[in-house]
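Visitor: TSV, C-alpha atoms and all ligand atoms, saved as my_file28.tsv, coming up:
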chain	number	residue	atom	x	y	z
A	1	MET	CA	-7.78	3.50	-97.85
A	2	ALA	CA	-6.44	5.13	-94.67
A	3	PRO	CA	-3.03	6.77	-95.13
A	4	THR	CA	0.06	5.11	-93.70
A	5	GLU	CA	1.20	7.03	-90.64
A	6	ALA	CA	4.69	7.43	-89.16
A	7	PHE	CA	5.95	9.33	-86.14
A	8	ALA	CA	8.83	11.78	-86.57
A	9	PRO	CA	10.33	12.30	-83.10
A	10	ALA	CA	12.50	15.26	-82.13
A	11	LYS	CA	16.19	14.35	-82.38
A	12	ILE	CA	18.39	15.57	-79.55
A	13	ASN	CA	22.20	15.65	-79.57
A	14	LEU	CA	23.18	14.99	-75.94
A	15	THR	CA	26.70	15.68	-77.19
A	16	LEU	CA	27.98	17.02	-80.50
A	17	HIS	CA	31.72	17.01	-81.03
A	18	VAL	CA	33.01	18.42	-84.32
A	19	THR	CA	36.17	16.41	-84.96
A	20	GLY	CA	37.24	17.48	-88.45
A	21	GLN	CA	36.29	18.59	-91.91
A	22	ARG	CA	36.63	16.59	-95.13
A	23	ALA	CA	38.13	18.05	-98.28
A	24	ASP	CA	34.59	18.28	-99.75
A	25	GLY	CA	33.55	20.55	-96.85
A	26	TYR	CA	31.45	18.04	-94.87
A	27	HIS	CA	32.11	18.13	-91.13
A	28	LEU	CA	33.11	15.05	-89.19
A	29	LEU	CA	31.02	14.55	-86.07
A	30	ASP	CA	30.96	12.44	-82.95
A	31	SER	CA	27.53	12.70	-81.35
A	32	TYR	CA	25.34	10.89	-78.83
A	33	VAL	CA	21.89	11.11	-80.40
A	34	VAL	CA	18.61	10.32	-78.62
A	35	PHE	CA	14.95	10.75	-79.54
A	36	ALA	CA	12.03	12.36	-77.71
A	37	ASP	CA	8.55	10.92	-77.25
A	38	PHE	CA	7.33	14.09	-78.92
A	39	GLY	CA	7.43	15.10	-82.58
A	40	ASP	CA	5.72	15.50	-85.95
A	41	VAL	CA	3.41	13.00	-87.66
A	42	VAL	CA	3.50	12.18	-91.37
A	43	ARG	CA	0.69	10.47	-93.31
A	44	VAL	CA	1.38	9.05	-96.76
A	45	SER	CA	-0.99	7.68	-99.45
A	46	ARG	CA	-0.45	6.39	-102.98
A	47	ALA	CA	-1.19	9.12	-105.55
A	48	ALA	CA	-0.87	9.88	-109.26
A	49	GLU	CA	1.45	12.80	-108.54
A	50	MET	CA	3.42	14.20	-105.60
A	51	SER	CA	1.70	16.56	-103.19
A	52	LEU	CA	2.43	17.86	-99.70
A	53	ARG	CA	0.19	19.60	-97.20
A	54	VAL	CA	1.58	20.93	-93.91
A	55	THR	CA	-0.82	21.23	-90.96
A	56	GLY	CA	-0.49	21.49	-87.17
A	57	PRO	CA	0.59	24.13	-84.66
A	58	ARG	CA	4.06	24.73	-86.21
A	59	ALA	CA	3.02	24.66	-89.89
A	60	MET	CA	3.63	28.35	-90.49
A	61	GLY	CA	6.50	29.02	-92.90
A	62	VAL	CA	7.25	25.35	-93.59
A	63	PRO	CA	7.55	24.83	-97.37
A	64	GLU	CA	4.97	22.63	-99.14
A	65	ASP	CA	7.09	21.84	-102.19
A	66	ALA	CA	10.42	20.23	-103.15
A	67	ARG	CA	12.24	22.43	-100.61
A	68	ASN	CA	10.67	20.25	-97.91
A	69	LEU	CA	12.75	17.21	-96.96
A	70	CYS	CA	9.55	15.09	-96.91
A	71	TRP	CA	9.12	15.74	-100.61
A	72	ARG	CA	12.77	14.98	-101.36
A	73	ALA	CA	12.57	11.75	-99.33
A	74	ALA	CA	9.54	10.58	-101.34
A	75	GLU	CA	11.35	11.41	-104.60
A	76	ALA	CA	14.39	9.47	-103.40
A	77	PHE	CA	12.12	6.50	-102.65
A	78	GLY	CA	10.87	6.77	-106.22
A	79	GLU	CA	7.05	6.73	-105.97
A	80	PRO	CA	4.57	9.62	-106.19
A	81	VAL	CA	2.62	10.03	-102.94
A	82	ALA	CA	0.29	12.46	-101.22
A	83	ILE	CA	1.90	13.51	-97.92
A	84	THR	CA	0.35	15.28	-94.97
A	85	LEU	CA	2.86	16.60	-92.45
A	86	GLU	CA	1.45	17.48	-89.04
A	87	LYS	CA	4.08	19.88	-87.71
A	88	HIS	CA	4.66	20.13	-83.96
A	89	LEU	CA	8.42	20.78	-83.88
A	90	PRO	CA	9.87	24.24	-84.42
A	91	ALA	CA	11.85	24.49	-87.69
A	92	ALA	CA	15.57	25.30	-87.99
A	93	ALA	CA	15.80	24.51	-84.29
A	94	GLY	CA	18.57	21.91	-83.96
A	95	ILE	CA	16.15	19.08	-83.21
A	96	GLY	CA	16.18	17.60	-86.67
A	97	GLY	CA	12.63	18.44	-87.68
A	98	GLY	CA	13.17	18.12	-91.41
A	99	SER	CA	15.48	15.09	-91.09
A	100	SER	CA	13.07	13.25	-88.81
A	101	ASP	CA	10.16	14.04	-91.14
A	102	ALA	CA	12.16	12.71	-94.11
A	103	ALA	CA	12.97	9.49	-92.24
A	104	ALA	CA	9.30	9.09	-91.26
A	105	VAL	CA	8.25	9.46	-94.92
A	106	LEU	CA	10.77	6.76	-95.89
A	107	ARG	CA	9.48	4.44	-93.14
A	108	ALA	CA	5.85	5.05	-94.11
A	109	MET	CA	6.66	4.41	-97.79
A	110	GLU	CA	8.49	1.19	-96.91
A	111	ALA	CA	5.31	-0.02	-95.22
A	112	LEU	CA	3.03	1.28	-97.98
A	113	PHE	CA	4.98	-0.19	-100.91
A	114	GLY	CA	6.29	-3.28	-99.13
A	115	ARG	CA	9.96	-2.72	-99.97
A	116	THR	CA	12.93	-1.23	-98.14
A	117	PHE	CA	14.47	2.08	-99.14
A	118	SER	CA	17.59	1.27	-101.14
A	119	GLY	CA	18.82	4.84	-101.70
A	120	ASP	CA	21.39	6.87	-99.78
A	121	ALA	CA	19.67	8.39	-96.73
A	122	SER	CA	22.68	10.59	-95.95
A	123	ALA	CA	22.27	12.32	-99.34
A	124	LEU	CA	19.06	13.81	-97.88
A	125	GLY	CA	20.90	15.21	-94.86
A	126	ALA	CA	23.48	14.25	-92.25
A	127	ASP	CA	20.81	13.48	-89.62
A	128	VAL	CA	18.55	11.38	-91.86
A	129	PRO	CA	20.39	8.03	-91.33
A	130	VAL	CA	20.15	8.27	-87.52
A	131	CYS	CA	16.51	9.35	-87.78
A	132	LEU	CA	15.85	6.34	-90.03
A	133	LEU	CA	17.45	4.12	-87.38
A	134	GLY	CA	15.08	5.85	-84.91
A	135	HIS	CA	17.04	4.66	-81.90
A	136	ALA	CA	19.64	6.17	-79.58
A	137	ALA	CA	23.02	5.91	-81.24
A	138	ARG	CA	26.57	7.16	-81.40
A	139	MET	CA	26.81	8.93	-84.73
A	140	THR	CA	30.21	9.42	-86.36
A	141	GLY	CA	31.67	10.21	-89.78
A	142	ILE	CA	29.42	12.73	-91.51
A	143	GLY	CA	26.42	11.08	-89.84
A	144	GLU	CA	26.46	7.80	-91.76
A	145	THR	CA	28.24	5.59	-89.20
A	146	LEU	CA	25.87	4.54	-86.44
A	147	MET	CA	26.37	2.48	-83.33
A	148	PRO	CA	23.03	1.80	-81.57
A	149	LEU	CA	23.08	2.47	-77.82
A	150	SER	CA	20.68	1.31	-75.18
A	151	GLN	CA	19.38	4.23	-73.25
A	152	PRO	CA	16.93	4.25	-70.32
A	153	PRO	CA	14.39	7.09	-70.75
A	154	MET	CA	15.74	10.44	-69.54
A	155	PRO	CA	13.11	12.99	-68.48
A	156	ALA	CA	13.88	16.34	-70.10
A	157	VAL	CA	12.60	19.81	-70.88
A	158	LEU	CA	13.16	21.22	-74.37
A	159	VAL	CA	13.27	25.01	-74.72
A	160	ASN	CA	13.42	27.04	-77.93
A	161	PRO	CA	13.48	30.83	-77.61
A	162	GLY	CA	11.86	31.34	-81.01
A	163	VAL	CA	14.94	32.32	-83.01
A	164	GLU	CA	15.86	30.27	-86.07
A	165	VAL	CA	19.52	29.32	-86.39
A	166	SER	CA	21.07	28.48	-89.74
A	167	THR	CA	23.22	25.34	-89.45
A	168	PRO	CA	25.77	26.42	-92.15
A	169	GLU	CA	26.17	29.82	-90.44
A	170	VAL	CA	26.93	28.18	-87.09
A	171	PHE	CA	29.51	25.89	-88.69
A	172	ARG	CA	31.09	28.92	-90.36
A	173	ALA	CA	31.36	30.64	-86.97
A	174	LEU	CA	33.02	27.58	-85.38
A	175	GLU	CA	36.67	28.46	-84.73
A	176	ARG	CA	38.22	24.97	-84.45
A	177	LYS	CA	37.02	22.10	-86.61
A	178	ASP	CA	39.43	19.51	-85.19
A	179	ASN	CA	38.19	19.03	-81.64
A	180	PRO	CA	38.66	15.83	-79.61
A	181	PRO	CA	36.03	13.08	-80.01
A	182	MET	CA	33.80	11.88	-77.16
A	183	ASP	CA	35.46	10.02	-74.30
A	184	ASP	CA	34.28	6.47	-73.65
A	185	TRP	CA	31.11	6.45	-71.60
A	186	PRO	CA	30.45	4.50	-68.42
A	187	LEU	CA	29.04	1.05	-68.98
A	188	ASP	CA	27.51	0.50	-65.53
A	189	GLY	CA	24.07	1.78	-66.64
A	190	GLN	CA	23.86	4.11	-63.61
A	191	ARG	CA	22.22	7.48	-64.17
A	192	ASP	CA	24.73	9.32	-61.98
A	193	SER	CA	27.75	8.01	-63.86
A	194	MET	CA	26.03	8.81	-67.16
A	195	LEU	CA	25.38	12.40	-65.97
A	196	GLY	CA	28.94	12.76	-64.67
A	197	TRP	CA	30.23	11.64	-68.05
A	198	LEU	CA	27.83	13.87	-70.01
A	199	ARG	CA	28.98	16.95	-68.08
A	200	THR	CA	32.54	16.38	-69.27
A	201	GLN	CA	31.44	16.14	-72.94
A	202	ARG	CA	30.45	19.04	-75.22
A	203	ASN	CA	28.38	20.51	-77.96
A	204	ASP	CA	31.07	22.28	-80.00
A	205	LEU	CA	28.40	24.28	-81.84
A	206	GLN	CA	27.05	25.83	-78.64
A	207	ALA	CA	29.62	28.65	-78.38
A	208	PRO	CA	29.32	29.79	-82.03
A	209	ALA	CA	25.50	29.55	-81.91
A	210	LEU	CA	25.49	31.58	-78.69
A	211	ALA	CA	27.64	34.24	-80.32
A	212	LEU	CA	25.12	34.48	-83.18
A	213	GLN	CA	22.02	34.30	-80.93
A	214	PRO	CA	22.83	35.46	-77.37
A	215	VAL	CA	19.30	34.54	-76.21
A	216	ILE	CA	20.56	30.91	-76.15
A	217	GLY	CA	22.57	31.96	-73.07
A	218	ALA	CA	19.36	33.10	-71.39
A	219	VAL	CA	17.72	29.74	-72.17
A	220	LEU	CA	20.65	27.78	-70.70
A	221	ALA	CA	20.69	30.02	-67.60
A	222	ALA	CA	16.93	29.58	-67.12
A	223	LEU	CA	17.28	25.78	-67.34
A	224	GLU	CA	20.24	25.78	-64.94
A	225	GLU	CA	18.29	27.92	-62.43
A	226	THR	CA	15.52	25.32	-62.35
A	227	GLY	CA	18.02	22.75	-61.05
A	228	ALA	CA	18.46	20.74	-64.25
A	229	ASP	CA	21.09	18.01	-63.89
A	230	ILE	CA	22.60	19.30	-67.10
A	231	ALA	CA	21.57	22.02	-69.56
A	232	ARG	CA	22.98	22.05	-73.10
A	233	MET	CA	22.11	23.05	-76.65
A	234	SER	CA	21.07	20.42	-79.22
A	235	GLY	CA	22.42	20.34	-82.77
A	236	SER	CA	23.19	23.79	-84.14
A	237	GLY	CA	20.55	25.34	-81.85
A	238	ALA	CA	18.71	27.18	-80.74
A	239	THR	CA	16.78	24.46	-78.86
A	240	CYS	CA	18.34	23.54	-75.51
A	241	PHE	CA	17.54	20.61	-73.26
A	242	GLY	CA	17.62	20.20	-69.49
A	243	LEU	CA	17.71	16.73	-67.92
A	244	PHE	CA	15.72	15.96	-64.75
A	245	GLY	CA	15.39	13.06	-62.34
A	246	THR	CA	11.70	12.37	-63.00
A	247	ARG	CA	9.06	13.22	-65.58
A	248	GLU	CA	7.04	14.98	-62.83
A	249	MET	CA	9.99	17.31	-62.17
A	250	ALA	CA	10.35	17.96	-65.90
A	251	ARG	CA	6.61	18.69	-66.21
A	252	ALA	CA	6.65	21.12	-63.26
A	253	VAL	CA	9.73	22.92	-64.63
A	254	ALA	CA	8.15	23.16	-68.10
A	255	GLU	CA	5.05	24.77	-66.55
A	256	ARG	CA	7.10	27.26	-64.53
A	257	LEU	CA	9.27	28.23	-67.49
A	258	ALA	CA	6.24	28.64	-69.75
A	259	GLU	CA	4.72	31.08	-67.26
A	260	ALA	CA	7.95	33.08	-67.02
A	261	HIS	CA	8.66	33.03	-70.79
A	262	PRO	CA	5.39	32.97	-72.70
A	263	GLY	CA	7.20	33.58	-76.00
A	264	TRP	CA	9.39	30.48	-75.74
A	265	TRP	CA	8.49	27.01	-77.07
A	266	ILE	CA	8.76	24.65	-74.08
A	267	LYS	CA	8.06	20.92	-73.87
A	268	ASP	CA	8.63	18.22	-71.27
A	269	CYS	CA	9.40	14.78	-72.70
A	270	ASP	CA	11.34	11.54	-72.24
A	271	LEU	CA	14.53	11.07	-74.23
A	272	SER	CA	15.57	7.53	-75.14
B	1	LIG	P1	19.10	19.92	-87.48
B	1	LIG	O1	18.78	19.49	-86.09
B	1	LIG	O2	19.41	18.77	-88.38
B	1	LIG	O3	20.07	21.06	-87.54
B	1	LIG	P2	17.01	21.78	-87.91
B	1	LIG	O4	16.01	21.58	-86.83
B	1	LIG	O5	17.99	22.88	-87.72
B	1	LIG	O6	17.74	20.43	-88.15
B	1	LIG	P3	14.92	21.79	-89.91
B	1	LIG	O7	13.84	21.80	-88.91
B	1	LIG	O8	15.06	20.61	-90.78
B	1	LIG	O9	16.34	22.08	-89.29
B	1	LIG	O10	14.71	23.12	-90.78
B	1	LIG	C1	15.74	23.73	-91.52
B	1	LIG	C2	15.11	24.43	-92.75
B	1	LIG	O11	14.70	23.43	-93.68
B	1	LIG	C3	13.86	25.25	-92.43
B	1	LIG	O12	14.19	26.59	-92.39
B	1	LIG	C4	12.86	24.90	-93.53
B	1	LIG	O13	12.68	25.96	-94.44
B	1	LIG	C5	13.45	23.74	-94.28
B	1	LIG	N1	12.64	22.49	-94.21
B	1	LIG	C6	12.69	21.51	-95.12
B	1	LIG	N2	11.90	20.50	-94.77
B	1	LIG	C7	11.34	20.81	-93.58
B	1	LIG	C8	10.44	20.14	-92.72
B	1	LIG	N3	9.93	18.93	-93.03
B	1	LIG	N4	10.10	20.73	-91.56
B	1	LIG	C9	10.61	21.95	-91.26
B	1	LIG	N5	11.44	22.64	-92.05
B	1	LIG	C10	11.83	22.08	-93.21
What does this structure look like when you write it as structure tokens?
Guide:
Amino acid sequence: MAPTEAFAPAKINLTLHVTGQRADGYHLLDSYVVFADFGDVVRVSRAAEMSLRVTGPRAMGVPEDARNLCWRAAEAFGEPVAITLEKHLPAAAGIGGGSSDAAAVLRAMEALFGRTFSGDASALGADVPVCLLGHAARMTGIGETLMPLSQPPMPAVLVNPGVEVSTPEVFRALERKDNPPMDDWPLDGQRDSMLGWLRTQRNDLQAPALALQPVIGAVLAALEETGADIARMSGSGATCFGLFGTREMARAVAERLAEAHPGWWIKDCDLS
């Protein structure tokens, strides 16, 4: 029987405000999360015992055992399966690769076994619940409180300079943990008011990530030079996004940047 397939899109934090820290160490967040039309693919089949094979252009270095969130998601679902993960997203890149893969495994297993996942998605990682929702959302709490948002597609270019950034290290380098939450966003559905609002919001992890990996500054400068409406880091980095008026503009910018920076991972996409 053909394996059950699920798409694991890149997750982008248009904003990421760190608003506090709980006594147990978990950070409180307020984030506008969207998804790209680009990502990994997982394929899942029934099996006598668990197995995982990682293929694709970004497979190198990705664990094929219980360290992989795909494996842990399948264990949490409670059935042994054979998983193939086709990896297109850079790892440890702030675009939720592992979390999105885990959510895709859960979705594929729901279809395969005909029952919904009843476990705690947030136990697998703060970004897993929003990835399981698979829809633009305002994410608060430690990632478990989700308010779906409707979001017209935003053409974008994603750029990763090839340095891995450790999320715990970035949080450790963050000076203030009690920053203000997001302001209310405009409800008129106009792109210009959305952009105006976005520019006044933040990614609180950008400054500490930049201090750890100064090349992130070069990525943001390169995106700004291309005329991006806004350039910002996603998650704990190092991937940054630039927003553009049309997909054609995004495609042309991606081509130009790829020529100028052959070592960087660069992708045009739509965020929604
Ligand atoms: P976030 O946006 O949530 O910060 P991230 O992009 O920083 O996520 P991942 O891509 O999940 O982080 O990778 C973080 C680490 O987790 C990697 O260094 C890798 O060893 C491990 N890992 C576990 N599962 C996966 C997976 N399915 N794909 C890639 N890396 C994984």
Visitor: Just checking: using all atoms listed in the file, which residue out of A:Val33, A:Ala74, A:Leu149, A:Ala102 ends up closest to ligand LIG 1 (chain B)?
Guide: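 The answer is A:Ala102, which sits nearest to ligand LIG 1 (chain B).
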Visitor: Report as an mmCIF file with C-alpha atoms, keeping the file's coordinate frame which protein, DNA and RNA residues come within 9 Å of ligand LIG 1 (chain B), using only C-alpha atoms and all ligand atoms.
Guide:
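Result file is result.cif:
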data_model
loop_
_atom_site.group_PDB
_atom_site.id
_atom_site.type_symbol
_atom_site.label_atom_id
_atom_site.label_comp_id
_atom_site.auth_asym_id
_atom_site.auth_seq_id
_atom_site.Cartn_x
_atom_site.Cartn_y
_atom_site.Cartn_z
ATOM 1 C CA ALA A 10 12.500 15.260 -82.130
ATOM 2 C CA LYS A 11 16.190 14.350 -82.380
ATOM 3 C CA ILE A 12 18.390 15.570 -79.550
ATOM 4 C CA ASN A 13 22.200 15.650 -79.570
ATOM 5 C CA ASP A 40 5.720 15.500 -85.950
ATOM 6 C CA VAL A 54 1.580 20.930 -93.910
ATOM 7 C CA ARG A 58 4.060 24.730 -86.210
ATOM 8 C CA ALA A 59 3.020 24.660 -89.890
ATOM 9 C CA GLY A 61 6.500 29.020 -92.900
ATOM 10 C CA VAL A 62 7.250 25.350 -93.590
ATOM 11 C CA PRO A 63 7.550 24.830 -97.370
ATOM 12 C CA GLU A 64 4.970 22.630 -99.140
ATOM 13 C CA ASP A 65 7.090 21.840 -102.190
ATOM 14 C CA ALA A 66 10.420 20.230 -103.150
ATOM 15 C CA ARG A 67 12.240 22.430 -100.610
ATOM 16 C CA ASN A 68 10.670 20.250 -97.910
ATOM 17 C CA LEU A 69 12.750 17.210 -96.960
ATOM 18 C CA CYS A 70 9.550 15.090 -96.910
ATOM 19 C CA TRP A 71 9.120 15.740 -100.610
ATOM 20 C CA ARG A 72 12.770 14.980 -101.360
ATOM 21 C CA LEU A 85 2.860 16.600 -92.450
ATOM 22 C CA LYS A 87 4.080 19.880 -87.710
ATOM 23 C CA LEU A 89 8.420 20.780 -83.880
ATOM 24 C CA PRO A 90 9.870 24.240 -84.420
ATOM 25 C CA ALA A 91 11.850 24.490 -87.690
ATOM 26 C CA ALA A 92 15.570 25.300 -87.990
ATOM 27 C CA ALA A 93 15.800 24.510 -84.290
ATOM 28 C CA GLY A 94 18.570 21.910 -83.960
ATOM 29 C CA ILE A 95 16.150 19.080 -83.210
ATOM 30 C CA GLY A 96 16.180 17.600 -86.670
ATOM 31 C CA GLY A 97 12.630 18.440 -87.680
ATOM 32 C CA GLY A 98 13.170 18.120 -91.410
ATOM 33 C CA SER A 99 15.480 15.090 -91.090
ATOM 34 C CA SER A 100 13.070 13.250 -88.810
ATOM 35 C CA ASP A 101 10.160 14.040 -91.140
ATOM 36 C CA ALA A 102 12.160 12.710 -94.110
ATOM 37 C CA GLY A 125 20.900 15.210 -94.860
ATOM 38 C CA ALA A 126 23.480 14.250 -92.250
ATOM 39 C CA ASP A 127 20.810 13.480 -89.620
ATOM 40 C CA VAL A 128 18.550 11.380 -91.860
ATOM 41 C CA GLU A 164 15.860 30.270 -86.070
ATOM 42 C CA VAL A 165 19.520 29.320 -86.390
ATOM 43 C CA SER A 166 21.070 28.480 -89.740
ATOM 44 C CA THR A 167 23.220 25.340 -89.450
ATOM 45 C CA SER A 234 21.070 20.420 -79.220
ATOM 46 C CA GLY A 235 22.420 20.340 -82.770
ATOM 47 C CA SER A 236 23.190 23.790 -84.140
ATOM 48 C CA GLY A 237 20.550 25.340 -81.850
ATOM 49 C CA ALA A 238 18.710 27.180 -80.740
ATOM 50 C CA THR A 239 16.780 24.460 -78.860
#
Visitor: Report, in Å to a single decimal, how far apart CA of Ala36 (chain A) and CA of His135 (chain A) are.
Guide: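 Those two atoms sit 10.1 Å apart.
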Visitor: Suppose you want the space between CA of Ala47 (chain A) and CA of Ala82 (chain A); what is it in Å?
Guide: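 Separating CA of Ala47 (chain A) from CA of Ala82 (chain A) is a distance of 5.7 Å.
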Visitor: If you count all atoms listed in the file, which residues fall within 9 Å of region 116-122 of chain A, apart from same-chain ones fewer than 4 positions away, as an NGL selection string?
Guide: :A and (73 or 76-77 or 103 or 106-107 or 109-111 or 126-129 or 132 or 142-144)
Visitor: Which polymer residues have any atom within 6 Å of an atom of region 216-229 of chain A, counting all atoms listed in the file, with same-chain residues fewer than 3 positions away left out, as a ChimeraX atom specification?
Guide: /A:210,242-244
Visitor: Pull C-alpha atoms from the residues just selected and write them as a short mmCIF file (atom, residue, chain, number, x, y, z; two decimals), keeping the file's coordinate frame.
Guide:
data_model
loop_
_atom_site.label_atom_id
_atom_site.label_comp_id
_atom_site.auth_asym_id
_atom_site.auth_seq_id
_atom_site.Cartn_x
_atom_site.Cartn_y
_atom_site.Cartn_z
CA LEU A 210 25.49 31.58 -78.69
CA GLY A 242 17.62 20.20 -69.49
CA LEU A 243 17.71 16.73 -67.92
CA PHE A 244 15.72 15.96 -64.75
#
Visitor: Taking every listed atom of region 143-147 of chain A and adding 6 Å to each side, what centre and edge lengths in Å (one decimal) does the axis-aligned box have, as lines of an AutoDock Vina configuration file?
Guide:
center_x = 27.1
center_y = 6.8
center_z = -87.5
size_x = 14.4
size_y = 20.6
size_z = 20.4
Visitor: What's the separation between CA of Leu29 (chain A) and CA of Gly141 (chain A), in Å to one decimal place?
Guide: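 We find that CA of Leu29 (chain A) and CA of Gly141 (chain A) lie 5.7 Å from each other.
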Visitor: Under the rule that only C-alpha atoms are counted, which of A:Ala207, A:Asp178, A:Ala123, A:Ser45 is the nearest residue to Arg22 (chain A)?
Guide: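 Of the candidates, the smallest distance to Arg22 (chain A) is held by A:Asp178.
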Visitor: With distances taken over all atoms listed in the file, which residue among A:Ala231, A:Leu146, A:Leu212, A:Met139 lies nearest Leu16 (chain A)?
Guide: A:Met139
Visitor: Which residue, A:Val163, A:Val42, A:Ala108, A:Leu257, has the smallest gap to Val215 (chain A) when you use all atoms listed in the file?
Guide: A:Val163
Visitor: Looking at A:Thr140, A:Gln201, A:Ser31, A:Gln21, which one is nearest to Lys177 (chain A), with distances taken over only C-alpha atoms?
Guide: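 Using only C-alpha atoms, the shortest distance to Lys177 (chain A) belongs to A:Gln21.
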Visitor: Using all atoms listed in the file, can you tell me which of A:Ala156, A:Ala173, A:Val130, A:Met182 comes closest to Cys240 (chain A)?
Guide: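 Closest to Cys240 (chain A), using all atoms listed in the file: A:Ala156.
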Visitor: Any chance you could model all heavy atoms for region 263-269 of chain A and send them as a PDB file, in the coordinates of the input?
Guide:
ATOM      1  N   GLY A 263       6.825  33.583 -74.579  1.00  0.00           N
ATOM      2  CA  GLY A 263       7.200  33.580 -76.000  1.00  0.00           C
ATOM      3  C   GLY A 263       8.054  32.386 -76.398  1.00  0.00           C
ATOM      4  O   GLY A 263       8.335  32.181 -77.584  1.00  0.00           O
ATOM      5  N   TRP A 264       8.515  31.605 -75.433  1.00  0.00           N
ATOM      6  CA  TRP A 264       9.390  30.480 -75.740  1.00  0.00           C
ATOM      7  C   TRP A 264       8.576  29.222 -75.999  1.00  0.00           C
ATOM      8  O   TRP A 264       7.498  29.037 -75.425  1.00  0.00           O
ATOM      9  CB  TRP A 264      10.365  30.209 -74.577  1.00  0.00           C
ATOM     10  CG  TRP A 264      11.399  31.276 -74.375  1.00  0.00           C
ATOM     11  CD1 TRP A 264      11.539  32.436 -75.102  1.00  0.00           C
ATOM     12  CD2 TRP A 264      12.432  31.291 -73.375  1.00  0.00           C
ATOM     13  NE1 TRP A 264      12.596  33.157 -74.612  1.00  0.00           N
ATOM     14  CE2 TRP A 264      13.162  32.484 -73.555  1.00  0.00           C
ATOM     15  CE3 TRP A 264      12.806  30.411 -72.351  1.00  0.00           C
ATOM     16  CZ2 TRP A 264      14.250  32.818 -72.744  1.00  0.00           C
ATOM     17  CZ3 TRP A 264      13.885  30.728 -71.549  1.00  0.00           C
ATOM     18  CH2 TRP A 264      14.610  31.926 -71.747  1.00  0.00           C
ATOM     19  N   TRP A 265       9.108  28.324 -76.845  1.00  0.00           N
ATOM     20  CA  TRP A 265       8.490  27.010 -77.070  1.00  0.00           C
ATOM     21  C   TRP A 265       9.102  26.067 -76.028  1.00  0.00           C
ATOM     22  O   TRP A 265      10.340  25.921 -75.960  1.00  0.00           O
ATOM     23  CB  TRP A 265       8.804  26.552 -78.491  1.00  0.00           C
ATOM     24  CG  TRP A 265       8.292  25.187 -78.834  1.00  0.00           C
ATOM     25  CD1 TRP A 265       7.049  24.873 -79.307  1.00  0.00           C
ATOM     26  CD2 TRP A 265       9.013  23.947 -78.744  1.00  0.00           C
ATOM     27  NE1 TRP A 265       6.945  23.523 -79.517  1.00  0.00           N
ATOM     28  CE2 TRP A 265       8.135  22.930 -79.177  1.00  0.00           C
ATOM     29  CE3 TRP A 265      10.295  23.592 -78.334  1.00  0.00           C
ATOM     30  CZ2 TRP A 265       8.517  21.589 -79.225  1.00  0.00           C
ATOM     31  CZ3 TRP A 265      10.677  22.261 -78.374  1.00  0.00           C
ATOM     32  CH2 TRP A 265       9.784  21.271 -78.815  1.00  0.00           C
ATOM     33  N   ILE A 266       8.256  25.463 -75.200  1.00  0.00           N
ATOM     34  CA  ILE A 266       8.760  24.650 -74.080  1.00  0.00           C
ATOM     35  C   ILE A 266       7.985  23.342 -74.006  1.00  0.00           C
ATOM     36  O   ILE A 266       6.752  23.341 -74.086  1.00  0.00           O
ATOM     37  CB  ILE A 266       8.596  25.439 -72.756  1.00  0.00           C
ATOM     38  CG1 ILE A 266       9.420  26.729 -72.829  1.00  0.00           C
ATOM     39  CG2 ILE A 266       9.010  24.585 -71.552  1.00  0.00           C
ATOM     40  CD1 ILE A 266       9.124  27.736 -71.757  1.00  0.00           C
ATOM     41  N   LYS A 267       8.712  22.229 -73.857  1.00  0.00           N
ATOM     42  CA  LYS A 267       8.060  20.920 -73.870  1.00  0.00           C
ATOM     43  C   LYS A 267       8.763  19.973 -72.905  1.00  0.00           C
ATOM     44  O   LYS A 267       9.987  19.862 -72.934  1.00  0.00           O
ATOM     45  CB  LYS A 267       8.255  20.335 -75.273  1.00  0.00           C
ATOM     46  CG  LYS A 267       7.210  19.983 -76.146  1.00  0.00           C
ATOM     47  CD  LYS A 267       5.886  19.931 -76.139  1.00  0.00           C
ATOM     48  CE  LYS A 267       4.576  19.685 -75.910  1.00  0.00           C
ATOM     49  NZ  LYS A 267       3.540  20.582 -75.924  1.00  0.00           N
ATOM     50  N   ASP A 268       8.006  19.295 -72.048  1.00  0.00           N
ATOM     51  CA  ASP A 268       8.630  18.220 -71.270  1.00  0.00           C
ATOM     52  C   ASP A 268       8.475  16.926 -72.066  1.00  0.00           C
ATOM     53  O   ASP A 268       7.521  16.762 -72.834  1.00  0.00           O
ATOM     54  CB  ASP A 268       8.011  18.100 -69.869  1.00  0.00           C
ATOM     55  CG  ASP A 268       6.542  17.771 -69.917  1.00  0.00           C
ATOM     56  OD1 ASP A 268       5.744  18.674 -70.247  1.00  0.00           O
ATOM     57  OD2 ASP A 268       6.186  16.600 -69.665  1.00  0.00           O
ATOM     58  N   CYS A 269       9.433  16.033 -71.898  1.00  0.00           N
ATOM     59  CA  CYS A 269       9.400  14.780 -72.700  1.00  0.00           C
ATOM     60  C   CYS A 269      10.337  13.765 -72.047  1.00  0.00           C
ATOM     61  O   CYS A 269      11.017  14.072 -71.073  1.00  0.00           O
ATOM     62  CB  CYS A 269       9.868  15.072 -74.123  1.00  0.00           C
ATOM     63  SG  CYS A 269      11.554  15.702 -74.226  1.00  0.00           S
TER      64      CYS A 269
END
